[in-house]
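Undergrad: One file is attached below, entry-v8.txt, containing compact mmCIF, C-alpha atoms.
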# COMPACT_ATOMS: atom_id res chain seq x y z
CA MET A 142 -10.33 37.39 -3.84
CA ASP A 143 -13.44 38.23 -5.89
CA PRO A 144 -16.44 35.83 -6.01
CA GLN A 145 -15.83 35.04 -9.67
CA THR A 146 -12.35 33.73 -8.88
CA VAL A 147 -13.62 31.73 -5.92
CA ASN A 148 -16.32 30.15 -8.11
CA SER A 149 -13.86 29.27 -10.85
CA PRO A 150 -14.28 25.60 -11.82
CA ARG A 151 -10.52 25.19 -11.86
CA LEU A 152 -10.24 26.25 -8.23
CA LYS A 153 -13.22 24.14 -7.24
CA ILE A 154 -11.83 21.08 -9.03
CA LEU A 155 -8.47 21.63 -7.33
CA PHE A 156 -10.26 21.92 -4.00
CA VAL A 157 -12.21 18.67 -4.55
CA MET A 158 -9.00 16.98 -5.70
CA LEU A 159 -7.08 17.96 -2.55
CA VAL A 160 -9.96 16.96 -0.29
CA ALA A 161 -10.23 13.64 -2.12
CA ALA A 162 -6.46 13.06 -1.84
CA VAL A 163 -6.41 13.79 1.89
CA LEU A 164 -9.53 11.69 2.62
CA HIS A 165 -8.14 8.91 0.43
CA GLN A 166 -5.06 8.70 2.62
CA THR A 167 -6.78 9.17 5.98
CA LEU A 168 -10.44 8.21 6.39
CA PHE A 169 -10.63 5.78 3.47
CA ALA A 170 -7.25 4.22 4.24
CA ALA A 171 -8.88 2.81 7.37
CA LEU A 172 -12.11 1.69 5.70
CA ARG A 173 -11.10 -1.57 4.14
CA TRP A 174 -13.38 -4.24 2.84
CA GLY A 175 -11.21 -7.29 3.17
CA ASP A 176 -7.90 -5.93 1.93
CA VAL A 177 -9.47 -3.51 -0.52
CA ARG A 178 -10.24 0.16 -0.04
CA PRO A 179 -11.90 2.76 -2.24
CA HIS A 180 -9.72 4.75 -4.60
CA LEU A 181 -11.14 8.26 -4.37
CA LEU A 182 -8.80 9.79 -6.94
CA LEU A 183 -9.68 7.19 -9.56
CA LEU A 184 -13.33 7.70 -8.69
CA MET A 185 -12.90 11.44 -9.13
CA ALA A 186 -11.44 10.89 -12.59
CA VAL A 187 -14.42 8.71 -13.52
CA ALA A 188 -16.91 11.21 -12.06
CA GLY A 189 -15.15 14.04 -13.89
CA ALA A 190 -15.63 12.17 -17.15
CA ILE A 191 -19.29 11.42 -16.37
CA VAL A 192 -19.96 15.10 -15.70
CA GLY A 193 -17.59 16.78 -18.14
CA GLY A 194 -17.12 14.33 -21.01
CA ALA A 195 -14.07 12.68 -22.54
CA ASP A 196 -11.56 15.53 -22.90
CA ARG A 197 -12.24 17.21 -19.57
CA GLY A 198 -12.39 13.83 -17.90
CA ALA A 199 -9.01 12.90 -19.35
CA VAL A 200 -7.44 16.10 -17.99
CA ILE A 201 -8.95 15.56 -14.54
CA GLY A 202 -7.90 11.91 -14.68
CA PHE A 203 -4.37 12.90 -15.56
CA LEU A 204 -4.15 15.37 -12.66
CA CYS A 205 -5.73 12.93 -10.19
CA GLY A 206 -3.33 10.22 -11.31
CA LEU A 207 -0.37 12.54 -10.99
CA LEU A 208 -1.43 13.41 -7.45
CA ALA A 209 -1.82 9.71 -6.62
CA ASP A 210 1.61 8.99 -8.12
CA LEU A 211 3.26 11.46 -5.75
CA PHE A 212 2.43 9.16 -2.83
CA LEU A 213 3.26 5.83 -4.43
CA GLN A 214 6.51 3.98 -5.05
CA THR A 215 5.59 3.19 -8.64
CA PRO A 216 6.98 5.32 -11.51
CA LEU A 217 5.62 8.87 -11.67
CA GLY A 218 3.10 9.11 -14.49
CA LEU A 219 1.80 5.53 -14.29
CA SER A 220 -1.46 6.36 -12.50
CA ALA A 221 -1.73 9.57 -14.56
CA LEU A 222 -1.58 7.56 -17.77
CA ALA A 223 -4.03 4.89 -16.59
CA PHE A 224 -6.54 7.33 -15.07
CA SER A 225 -6.57 9.65 -18.08
CA LEU A 226 -7.18 6.73 -20.46
CA VAL A 227 -9.98 5.35 -18.29
CA ALA A 228 -11.59 8.78 -17.90
CA PHE A 229 -11.38 9.39 -21.64
CA GLY A 230 -13.06 6.02 -22.25
CA VAL A 231 -15.79 6.77 -19.71
CA GLY A 232 -16.40 10.19 -21.24
CA SER A 233 -16.59 8.74 -24.75
CA VAL A 234 -19.06 6.02 -23.75
CA GLN A 235 -21.04 8.36 -21.50
CA SER A 236 -21.79 10.75 -24.34
CA SER A 237 -23.90 8.06 -26.03
CA VAL A 238 -25.83 7.08 -22.90
CA ILE A 239 -29.04 8.52 -21.48
CA ARG A 240 -27.89 10.00 -18.20
CA SER A 241 -31.10 10.26 -16.25
CA ALA A 242 -31.07 6.76 -14.75
CA TRP A 243 -29.85 6.80 -11.15
CA TRP A 244 -27.92 3.56 -11.50
CA ILE A 245 -25.71 4.71 -14.38
CA PRO A 246 -23.03 6.52 -12.30
CA PRO A 247 -22.54 3.61 -9.83
CA LEU A 248 -22.44 1.07 -12.64
CA THR A 249 -20.03 3.24 -14.61
CA ALA A 250 -17.87 3.69 -11.51
CA LEU A 251 -17.84 -0.06 -10.90
CA VAL A 252 -16.77 -0.99 -14.41
CA ALA A 253 -14.41 1.96 -14.91
CA SER A 254 -12.70 1.57 -11.51
CA ALA A 255 -12.15 -2.12 -12.10
CA ALA A 256 -10.86 -1.37 -15.59
CA GLY A 257 -8.66 1.39 -14.15
CA ILE A 258 -6.86 -0.86 -11.71
CA VAL A 259 -6.37 -3.59 -14.33
CA LEU A 260 -5.04 -1.03 -16.80
CA TYR A 261 -2.75 0.39 -14.10
CA ALA A 262 -1.37 -3.10 -13.45
CA LEU A 263 -0.90 -3.88 -17.13
CA LEU A 264 0.80 -0.55 -17.86
CA GLY A 265 2.90 -1.14 -14.77
CA ALA A 266 4.02 -4.48 -16.17
CA ILE A 267 5.08 -2.72 -19.39
CA VAL A 268 7.33 -0.33 -17.44
CA GLY A 269 8.85 -3.08 -15.30
CA GLN A 270 6.38 -3.31 -12.42
CA SER A 271 5.27 -6.85 -13.18
CA GLN A 272 4.47 -7.58 -9.51
CA PHE A 273 0.97 -6.15 -9.93
CA VAL A 274 -0.15 -8.76 -12.45
CA ARG A 275 -1.20 -11.54 -10.12
CA PRO A 276 -4.13 -13.96 -9.99
CA VAL A 277 -5.89 -11.83 -7.35
CA LEU A 278 -5.77 -8.74 -9.55
CA LEU A 279 -9.25 -9.29 -10.95
CA LEU A 280 -10.70 -9.83 -7.48
CA VAL A 281 -9.03 -6.66 -6.20
CA ALA A 282 -10.28 -4.77 -9.26
CA LEU A 283 -13.87 -5.94 -8.80
CA ALA A 284 -13.84 -5.24 -5.07
CA GLN A 285 -12.42 -1.77 -5.62
CA GLY A 286 -14.99 -1.20 -8.34
CA GLY A 287 -17.71 -2.20 -5.89
CA VAL A 288 -16.67 0.16 -3.11
CA ASN A 289 -16.10 2.98 -5.62
CA ALA A 290 -19.58 2.35 -7.03
CA ALA A 291 -21.08 2.89 -3.59
CA LEU A 292 -19.38 6.29 -3.36
CA ALA A 293 -20.06 7.28 -6.97
CA PRO A 294 -23.28 9.30 -6.41
CA LEU A 295 -21.53 11.51 -3.86
CA MET A 296 -18.49 12.06 -6.05
CA VAL A 297 -20.63 12.84 -9.11
CA LYS A 298 -22.47 15.45 -7.03
CA ALA A 299 -19.16 16.95 -5.92
CA MET A 300 -17.84 17.07 -9.48
CA SER A 301 -21.11 18.51 -10.79
CA TRP A 302 -20.73 21.31 -8.24
CA ALA A 303 -17.09 21.83 -9.17
CA MET A 304 -17.58 21.80 -12.95
CA THR A 305 -20.84 23.67 -13.40
CA ASP A 306 -21.54 27.22 -14.69
CA ARG A 307 -18.27 28.57 -15.98
CA VAL A 308 -16.89 25.20 -16.95
CA GLU A 309 -17.10 25.91 -20.67
CA SER A 310 -15.24 29.19 -20.60
CA SER A 311 -12.68 27.90 -18.12
CA PHE A 312 -11.66 24.90 -20.16
CA ALA A 313 -11.90 26.71 -23.44
CA ARG A 314 -9.29 29.26 -22.50
CA MET B 242 -5.94 16.34 -25.89
CA LEU B 243 -5.64 12.67 -24.93
CA LEU B 244 -2.54 12.27 -27.08
CA LEU B 245 -0.91 15.22 -25.32
CA LEU B 246 -1.71 13.74 -21.90
CA VAL B 247 -0.39 10.33 -22.90
CA LEU B 248 2.84 11.85 -24.22
CA THR B 249 3.26 13.86 -21.01
CA ALA B 250 2.71 10.77 -18.89
CA VAL B 251 5.19 8.75 -20.94
CA THR B 252 7.75 11.57 -20.63
CA LEU B 253 7.30 11.57 -16.84
CA LEU B 254 7.66 7.79 -16.72
CA THR B 255 10.87 8.04 -18.73
CA LEU B 256 12.26 10.83 -16.56
CA ASP B 257 11.49 8.87 -13.40
CA GLU B 258 13.08 5.73 -14.79
CA ARG B 259 16.21 7.56 -15.95
CA SER B 260 16.68 9.40 -12.64
CA GLY B 261 17.03 6.05 -10.81
CA GLY B 262 15.53 7.38 -7.60
CA LEU B 263 17.87 10.32 -7.25
CA GLY B 264 16.49 12.96 -9.54
CA VAL B 265 14.09 15.85 -9.45
CA VAL B 266 11.10 13.48 -9.41
CA ASP B 267 12.03 12.18 -5.97
CA THR B 268 12.65 15.68 -4.72
CA VAL B 269 9.15 16.63 -5.86
CA ARG B 270 7.67 13.52 -4.24
CA GLY B 271 9.47 14.18 -0.96
CA GLY B 272 8.43 17.83 -1.03
CA ALA B 273 4.79 16.94 -1.67
CA ARG B 274 4.81 14.41 1.13
CA ASP B 275 6.33 16.90 3.59
CA ALA B 276 4.02 19.71 2.48
CA LEU B 277 0.84 17.68 2.86
CA ALA B 278 1.94 15.91 6.05
CA PRO B 279 0.48 18.45 8.53
CA VAL B 280 -2.86 18.54 6.67
CA ARG B 281 -3.04 14.75 6.52
CA ASP B 282 -2.07 14.43 10.21
CA ALA B 283 -4.75 16.91 11.26
CA THR B 284 -7.39 15.26 9.07
CA ASP B 285 -6.38 11.83 10.27
CA SER B 286 -6.83 12.87 13.91
CA ALA B 287 -10.21 14.40 13.10
CA VAL B 288 -11.64 11.53 11.06
CA ARG B 289 -10.10 8.60 12.97
CA PRO B 290 -13.13 8.18 15.29
CA VAL B 291 -15.41 8.15 12.23
CA ALA B 292 -13.18 5.63 10.48
CA ASN B 293 -13.06 3.44 13.60
CA PHE B 294 -16.85 3.58 13.88
CA PHE B 295 -17.41 2.46 10.29
CA GLN B 296 -14.57 -0.05 10.47
CA GLY B 297 -16.24 -1.53 13.54
CA ILE B 298 -19.50 -1.92 11.60
CA ILE B 299 -17.73 -3.43 8.58
CA GLN B 300 -15.80 -5.88 10.72
CA TYR B 301 -18.40 -6.66 13.42
CA GLY B 302 -18.63 -10.34 12.59
CA ARG B 303 -14.89 -10.67 12.34
CA LEU B 304 -14.43 -8.89 15.69
CA GLU B 305 -16.78 -11.34 17.41
CA ASP B 306 -14.81 -14.25 15.99
CA ALA B 307 -11.55 -12.57 16.97
CA ASN B 308 -12.84 -12.02 20.51
CA THR B 309 -13.68 -15.71 20.92
CA ARG B 310 -10.37 -16.73 19.42
CA LEU B 311 -8.44 -14.36 21.67
CA ARG B 312 -10.12 -15.75 24.79
CA GLU B 313 -9.09 -19.24 23.76
CA GLN B 314 -5.58 -18.06 23.00
CA LEU B 315 -5.35 -16.31 26.38
CA ALA B 316 -6.16 -19.56 28.16
CA ALA B 317 -3.55 -21.37 26.10
CA ARG B 318 -0.96 -18.65 26.81
CA ASP B 319 -1.44 -19.07 30.58
CA ALA B 320 -0.32 -22.64 30.21
CA GLU B 321 2.55 -21.67 27.98
CA LEU B 322 3.90 -19.05 30.40
CA ALA B 323 5.46 -21.74 32.51
CA GLU B 324 7.38 -22.99 29.49
CA ALA B 325 8.45 -19.53 28.36
CA ALA B 326 11.54 -19.23 30.56
CA ASP B 327 12.90 -22.50 29.29
CA ALA B 328 12.11 -21.53 25.69
CA ARG B 329 14.02 -18.26 26.14
CA ARG B 330 17.04 -20.14 27.36
CA GLU B 331 16.83 -22.53 24.42
CA ARG B 332 16.48 -19.63 22.00
CA GLN B 333 19.54 -17.98 23.53
CA GLU B 334 21.51 -21.15 23.08
CA LEU B 335 20.33 -21.52 19.51
CA LEU B 336 21.32 -17.97 18.68
CA ASP B 337 24.72 -18.45 20.31
CA GLN B 338 25.29 -21.64 18.34
CA GLN B 339 24.51 -19.93 15.09
CA GLN B 340 26.57 -16.88 16.05
CA LEU B 341 23.72 -14.57 15.27
CA GLU B 342 23.69 -10.93 16.30
CA PHE B 343 20.80 -9.47 18.23
CA ALA B 344 18.67 -6.97 16.42
CA GLY B 345 18.22 -5.29 19.80
CA ASP B 346 21.84 -4.14 19.84
CA ILE B 347 21.36 -2.07 16.72
CA PRO B 348 20.51 1.63 17.20
CA ALA B 349 16.88 2.23 16.33
CA VAL B 350 14.50 5.07 15.64
CA SER B 351 10.95 4.66 16.95
CA ALA B 352 8.22 5.73 14.56
CA ARG B 353 4.46 5.72 14.21
CA VAL B 354 2.74 4.43 11.11
CA VAL B 355 0.79 7.40 9.85
CA LEU B 356 -0.53 6.22 6.50
CA ALA B 357 -1.34 3.02 4.76
CA SER B 358 -0.51 2.69 1.09
CA ALA B 359 -2.40 4.94 -1.30
CA SER B 360 -2.90 1.94 -3.58
CA ASN B 361 -4.47 -1.49 -3.31
CA LEU B 362 -1.53 -3.03 -5.15
CA ASP B 363 1.52 -1.27 -3.74
CA LEU B 364 1.94 -2.62 -0.18
CA THR B 365 3.72 0.12 1.71
CA VAL B 366 3.16 2.22 4.82
CA GLU B 367 4.33 5.71 5.65
CA ILE B 368 6.02 6.47 8.99
CA ASN B 369 6.44 9.79 10.75
CA ARG B 370 10.24 9.78 10.78
CA GLY B 371 12.46 10.84 7.92
CA ARG B 372 15.91 12.00 6.99
CA GLN B 373 16.13 14.47 9.87
CA SER B 374 15.66 11.59 12.34
CA GLY B 375 18.46 9.57 10.78
CA VAL B 376 16.33 7.31 8.61
CA SER B 377 17.85 6.26 5.27
CA PRO B 378 16.69 4.07 2.39
CA GLY B 379 17.44 0.39 2.90
CA MET B 380 17.12 0.39 6.69
CA PRO B 381 15.18 -2.57 8.13
CA VAL B 382 11.92 -1.87 9.95
CA VAL B 383 10.66 -4.08 12.79
CA ASN B 384 8.05 -4.08 15.51
CA GLY B 385 7.81 -6.07 18.74
CA ALA B 386 6.90 -9.25 16.88
CA GLY B 387 9.47 -9.20 14.08
CA LEU B 388 10.28 -7.98 10.61
CA VAL B 389 7.95 -5.45 9.00
CA GLY B 390 9.93 -4.47 5.90
CA ARG B 391 12.51 -1.94 4.81
CA VAL B 392 12.69 1.76 4.08
CA VAL B 393 12.52 2.48 0.36
CA ASP B 394 11.93 6.22 0.21
CA VAL B 395 12.75 9.05 2.60
CA SER B 396 11.78 12.69 2.72
CA ARG B 397 12.76 15.19 5.41
CA THR B 398 10.05 14.17 7.86
CA ARG B 399 8.55 10.98 6.43
CA ALA B 400 9.66 7.61 5.12
CA THR B 401 7.97 4.91 3.09
CA VAL B 402 8.34 1.31 4.21
CA LEU B 403 8.02 -1.56 1.74
CA LEU B 404 6.23 -4.36 3.58
CA VAL B 405 7.60 -7.91 3.46
CA SER B 406 4.31 -8.98 1.84
CA ASN B 407 4.88 -6.70 -1.16
CA PRO B 408 5.54 -8.79 -4.28
CA THR B 409 8.79 -6.88 -4.88
CA SER B 410 10.11 -7.72 -1.40
CA SER B 411 12.59 -10.56 -0.83
CA VAL B 412 14.11 -11.59 2.50
CA GLY B 413 16.94 -14.04 3.06
CA ILE B 414 15.71 -16.36 5.81
CA ARG B 415 16.94 -19.22 7.95
CA LEU B 416 14.54 -21.83 9.29
CA ALA B 417 15.37 -21.98 12.99
CA GLY B 418 14.70 -25.71 13.42
CA SER B 419 16.25 -27.27 10.35
CA GLY B 420 18.81 -24.53 9.74
CA GLU B 421 17.83 -24.38 6.07
CA VAL B 422 18.25 -21.06 4.30
CA GLY B 423 16.06 -19.67 1.56
CA VAL B 424 14.62 -16.51 0.08
CA ALA B 425 11.13 -15.47 1.19
CA SER B 426 9.23 -13.34 -1.33
CA GLY B 427 6.03 -11.39 -0.82
CA ARG B 428 2.88 -12.49 -2.62
CA GLY B 429 0.51 -9.70 -1.74
CA ALA B 430 -1.73 -8.73 1.15
CA GLY B 431 -3.05 -11.60 3.22
CA SER B 432 -0.93 -14.23 1.45
CA PRO B 433 1.96 -16.11 3.07
CA LEU B 434 5.51 -15.51 1.86
CA GLN B 435 6.85 -17.95 -0.69
CA VAL B 436 10.24 -19.42 0.17
CA ASP B 437 12.56 -20.46 -2.65
CA ASN B 438 15.84 -22.35 -2.71
CA VAL B 439 14.99 -24.79 0.12
CA ASP B 440 16.72 -28.15 -0.29
CA PRO B 441 14.14 -30.90 -1.09
CA ALA B 442 15.94 -33.25 1.29
CA ALA B 443 15.60 -30.89 4.25
CA LYS B 444 13.08 -31.74 6.95
CA VAL B 445 10.97 -28.63 7.27
CA ALA B 446 8.30 -28.77 9.97
CA PRO B 447 5.03 -26.84 9.99
CA ASP B 448 5.09 -23.92 12.42
CA GLU B 449 8.90 -23.85 12.33
CA PRO B 450 10.12 -20.29 13.02
CA ALA B 451 11.90 -18.40 10.24
CA VAL B 452 14.37 -15.63 10.99
CA THR B 453 16.44 -13.36 8.77
CA SER B 454 19.56 -15.22 7.69
CA GLY B 455 21.97 -12.29 7.69
CA LEU B 456 24.19 -14.03 5.19
CA GLN B 457 26.84 -11.95 3.51
CA GLN B 458 25.40 -8.98 1.60
CA SER B 459 21.97 -9.64 3.10
CA ILE B 460 19.88 -6.49 3.29
CA TYR B 461 18.66 -7.43 6.79
CA PRO B 462 20.61 -8.16 9.97
CA PRO B 463 20.46 -11.76 11.20
CA GLY B 464 18.04 -13.16 13.75
CA ILE B 465 14.96 -11.02 13.19
CA PRO B 466 11.81 -13.17 13.34
CA VAL B 467 10.08 -13.23 9.96
CA GLY B 468 7.31 -15.78 10.40
CA ARG B 469 6.40 -19.41 10.82
CA VAL B 470 6.28 -22.17 8.23
CA LYS B 471 2.72 -22.60 7.05
CA THR B 472 3.14 -25.29 4.42
CA ALA B 473 6.05 -27.37 3.16
CA ARG B 474 5.91 -30.02 0.47
CA VAL B 475 8.22 -31.60 -2.06
CA PRO B 476 6.60 -32.04 -5.48
CA PRO B 477 7.80 -35.09 -7.44
CA GLU B 478 11.03 -34.46 -9.38
CA ALA B 479 11.34 -31.00 -7.80
CA VAL B 480 14.74 -29.43 -7.20
CA GLN B 481 13.44 -27.41 -4.28
CA GLN B 482 10.70 -27.61 -1.67
CA GLU B 483 7.54 -25.58 -1.91
CA VAL B 484 7.57 -23.74 1.40
CA THR B 485 5.34 -20.89 2.55
CA VAL B 486 5.84 -18.78 5.63
CA GLU B 487 3.10 -16.84 7.41
CA PRO B 488 4.51 -13.41 8.43
CA ILE B 489 4.78 -13.11 12.20
CA VAL B 490 3.79 -9.45 12.11
CA ASP B 491 0.16 -8.48 11.51
CA LEU B 492 0.92 -6.18 8.59
CA ARG B 493 -2.65 -4.91 8.39
CA ARG B 494 -2.58 -3.39 11.85
CA LEU B 495 0.73 -1.65 12.25
CA THR B 496 0.88 1.22 14.71
CA PHE B 497 4.39 1.61 16.09
CA VAL B 498 7.58 0.38 14.46
CA LYS B 499 11.33 0.72 14.89
CA VAL B 500 13.71 1.60 12.09
CA LEU B 501 17.01 -0.19 12.66
CA GLN B 502 19.90 2.07 11.73
CA TRP B 503 21.73 -0.76 10.09
CA THR B 504 23.30 -1.09 6.70
CA PRO B 505 24.61 -4.27 5.08
CA LYS B 506 28.25 -5.11 5.68
CA PRO B 507 30.26 -4.96 2.45
Let me see the structure of the file written as structure tokens.

TA:
Amino acid sequence: MDPQTVNSPRLKILFVMLVAAVLHQTLFAALRWGDVRPHLLLLMAVAGAIVGGADRGAVIGFLCGLLADLFLQTPLGLSALAFSLVAFGVGSVQSSVIRSAWWIPPLTALVASAAGIVLYALLGAIVGQSQFVRPVLLLVALAQGGVNAALAPLMVKAMSWAMTDRVESSFAR
Amino acid sequence: MLLLLVLTAVTLLTLDERSGGLGVVDTVRGGARDALAPVRDATDSAVRPVANFFQGIIQYGRLEDANTRLREQLAARDAELAEAADARRERQELLDQQQLEFAGDIPAVSARVVLASASNLDLTVEINRGRQSGVSPGMPVVNGAGLVGRVVDVSRTRATVLLVSNPTSSVGIRLAGSGEVGVASGRGAGSPLQVDNVDPAAKVAPDEPAVTSGLQQSIYPPGIPVGRVKTARVPPEAVQQEVTVEPIVDLRRLTFVKVLQWTPKP
């Protein structure tokens, strides 16, 4: 395999996605704060939108959500829909924000992750999964947003690595 | 681009809904679970010490409290040991009177819990036994303490267990003291089960054990411990009691479980 192929953003994003999915279900499944754990795949969607903007973020969000859906009992496509919408929103807002401040990615991750889980629950209710809409939903969303915010700088770095250099040509094809 | 993604997602949702759990979507899910299982197992073994280390830091205060509480409980258990033999005899009599079957007579498949749910809202666990070990959807899952949940999805080597605390889970129960039957529904992680259909005139005592009722067409066999009554009250003008049951199984710390190869009698 030639170096150009190995350095392809698509391959690197896929690699980060698989690592995130495996860590999400192993290491981070055990690291619970109360009953809440980080959601690495949602965080990856948010970080993808921070780094790559609305459209690229939406695609990454869709793929991350689809991967998450494979290991859930909820309808396939539910996380994909929620994550792509959240990532698109993050990318749209991010384009009008000065990115140099260090606190922007954690704050974005906090708000977007919380919004992501609420959106997931609301969309779930629309397709018959009304069990997610409960009084504790907002608490779960905020707690998940908090733990995702703590991991946001690392994930943004990972996504910056994955999406740099040939990202334009790769997505433009 | 977003519109295309949304349409694709909606198409997938529709396909999944229409397939009713039997279509290509479930085949893909099962395949993905089986394919990633070795990688996840290997990673889990490698990162478990790291996870335990950080979990210990996160829960240090709680562990200290738990340690103190456990010492107190140990002292109390010493005193209770003497009463245990008599309690066993009484339990046997109670079960005989109610003509309940023993869950222990049912063939079972031992399994290890390998993954917690991938979501904070969907309360499931994944076990390392699947279709090839004789596990099928609908089978009850227990551990040494009592009812854990039931199998909802099976691939060749793995199965997903819906925990009793999941808001979509319902269990027909019988309160062992009063004999009242009801339906216990999950209310999410860390919350007690809510029991419906309990007669307001019934005398329900706090700490009263609840077991699966095993009534006709019940999805669980009778006599499996579910939990203990936490609260019971009759609101004015109510047609049923407000009863909650604390699950007897610590659903946050599941390690080994047994899948009962039992299906409801028609």

Undergrad: Can you check which parts of chain B lie within 9 Å of chain A? Per residue, the shortest pair of atoms and distance in Å to one decimal, counting all atoms listed in the file, sorted by chain and number, as a tab-separated table.

TA:
residue	atom	partner	partner_atom	distance
B:Met242	CA	A:Asp196	CA	6.4
B:Leu243	CA	A:Ala199	CA	6.5
B:Leu246	CA	A:Phe203	CA	6.9
B:Val247	CA	A:Leu222	CA	6.0
B:Leu248	CA	A:Leu222	CA	8.9
B:Thr249	CA	A:Gly218	CA	8.1
B:Ala250	CA	A:Gly218	CA	4.7
B:Val251	CA	A:Gly218	CA	6.8
B:Thr252	CA	A:Gly218	CA	8.1
B:Leu253	CA	A:Gly218	CA	5.4
B:Leu254	CA	A:Gly218	CA	5.2
B:Thr255	CA	A:Pro216	CA	8.6
B:Leu256	CA	A:Leu217	CA	8.5
B:Asp257	CA	A:Pro216	CA	6.0
B:Glu258	CA	A:Pro216	CA	6.9
B:Val266	CA	A:Leu217	CA	7.5
B:Asp267	CA	A:Leu211	CA	8.8
B:Val269	CA	A:Leu211	CA	7.8
B:Arg270	CA	A:Leu211	CA	5.1
B:Gly271	CA	A:Leu211	CA	8.3
B:Ala273	CA	A:Leu211	CA	7.0
B:Arg274	CA	A:Phe212	CA	7.0
B:Leu277	CA	A:Val163	CA	8.3
B:Val280	CA	A:Val163	CA	7.6
B:Arg281	CA	A:Val163	CA	5.8
B:Asp282	CA	A:Thr167	CA	8.2
B:Thr284	CA	A:Thr167	CA	6.9
B:Asp285	CA	A:Thr167	CA	5.1
B:Ser286	CA	A:Thr167	CA	8.8
B:Val288	CA	A:Leu168	CA	5.9
B:Arg289	CA	A:Leu168	CA	6.6
B:Val291	CA	A:Leu168	CA	7.7
B:Ala292	CA	A:Leu168	CA	5.6
B:Asn293	CA	A:Ala171	CA	7.5
B:Phe295	CA	A:Leu172	CA	7.1
B:Gln296	CA	A:Leu172	CA	5.6
B:Ile299	CA	A:Trp174	CA	7.2
B:Gln300	CA	A:Trp174	CA	8.4
B:Val355	CA	A:Thr167	CA	8.7
B:Leu356	CA	A:Gln166	CA	6.5
B:Ala357	CA	A:Ala170	CA	6.1
B:Ser358	CA	A:Leu213	CA	7.4
B:Ala359	CA	A:Gln166	CA	6.0
B:Ser360	CA	A:Leu213	CA	7.3
B:Asn361	CA	A:Val177	CA	6.1
B:Leu362	CA	A:Phe273	CA	6.2
B:Asp363	CA	A:Leu213	CA	7.3
B:Thr365	CA	A:Gln214	CA	8.3
B:Val393	CA	A:Gln214	CA	8.2
B:Asp394	CA	A:Gln214	CA	7.9
B:Thr401	CA	A:Gln214	CA	8.3
B:Leu403	CA	A:Gln214	CA	8.9
B:Asn407	CA	A:Gln272	CA	8.4
B:Pro408	CA	A:Gln272	CA	5.5
B:Thr409	CA	A:Gln272	CA	6.4
B:Arg428	CA	A:Arg275	CA	8.6
B:Gly429	CA	A:Arg275	CA	8.7
B:Ala430	CA	A:Asp176	CA	6.8
B:Gly431	CA	A:Asp176	CA	7.6
B:Arg493	CA	A:Asp176	CA	8.4

Undergrad: Just want the 10 Å neighbourhood of Arg494 of chain B, counted on all atoms listed in the file, with same-chain residues fewer than 2 positions away dropped. Output as a ChimeraX atom specification.

TA: /A:171 /B:354,357,490-492,496-497

Undergrad: Rounded to one decimal, what separation in Å do you get between atom CA of Ser459 of chain B and atom CA of Gly413 of chain B?

TA: 6.7 Å

Undergrad: What's the 8 Å shell around Asp275 of chain B, counting only C-alpha atoms, without same-chain residues fewer than 3 positions away, as a PDB file with C-alpha atoms, in the coordinates of the input?

TA:
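Below is the file out_37.pdb, written as the result:
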ATOM      1  CA  GLY B 271       9.470  14.180  -0.960  1.00  0.00           C
ATOM      2  CA  GLY B 272       8.430  17.830  -1.030  1.00  0.00           C
ATOM      3  CA  ALA B 278       1.940  15.910   6.050  1.00  0.00           C
ATOM      4  CA  PRO B 279       0.480  18.450   8.530  1.00  0.00           C
ATOM      5  CA  SER B 396      11.780  12.690   2.720  1.00  0.00           C
ATOM      6  CA  ARG B 397      12.760  15.190   5.410  1.00  0.00           C
ATOM      7  CA  THR B 398      10.050  14.170   7.860  1.00  0.00           C
ATOM      8  CA  ARG B 399       8.550  10.980   6.430  1.00  0.00           C
TER       9      ARG B 399
END

Undergrad: Please identify all polymer residues within 8 Å of Gly379 of chain B, counting all atoms listed in the file, omitting same-chain residues fewer than 2 positions from it, and present them as a ChimeraX atom specification.

TA: /B:377,381,391-393,460,504

Undergrad: As an exercise, work out the distance from atom CA of Gln481 of chain B to atom CA of Pro462 of chain B in Å and give it to one decimal place.

TA: 25.0 Å

Undergrad: Let me have the centre and edge lengths in Å, one decimal, of the box along x, y and z around every listed atom of segment 213-232 of chain A with 5 Å of margin on each side, as JSON.

TA:
{"center_x": -4.7, "center_y": 6.7, "center_z": -13.3, "size_x": 33.4, "size_y": 17.0, "size_z": 27.8}

Undergrad: Please list as a list in words every residue within 7 Å of segment 465-477 of chain B, counting all atoms listed in the file and excluding residues in the same chain fewer than 6 positions away.

TA: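 That gives Ala344, Gly387, Leu388, Pro441, Val445, Pro447, Asp448, Glu449, Pro450, Ala451, Val452, Thr453, Glu483, Val484, Thr485, Val486, Glu487, Pro488 and Ile489 of chain B.
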
Undergrad: Closest to Trp243 of chain A among A:Cys205, A:Pro294, A:Gly194, A:Met300, using all atoms listed in the file?

TA: A:Pro294

Undergrad: Compute the distance from (-15.5, 5.3, -8.6) to each atom, counting all atoms listed in the file, keep the residues with any atom at most 10 Å away, and return them as a PyMOL selection string; use the coordinates of the file.

TA: chain A and resi 179-188+246-255+257+285-297
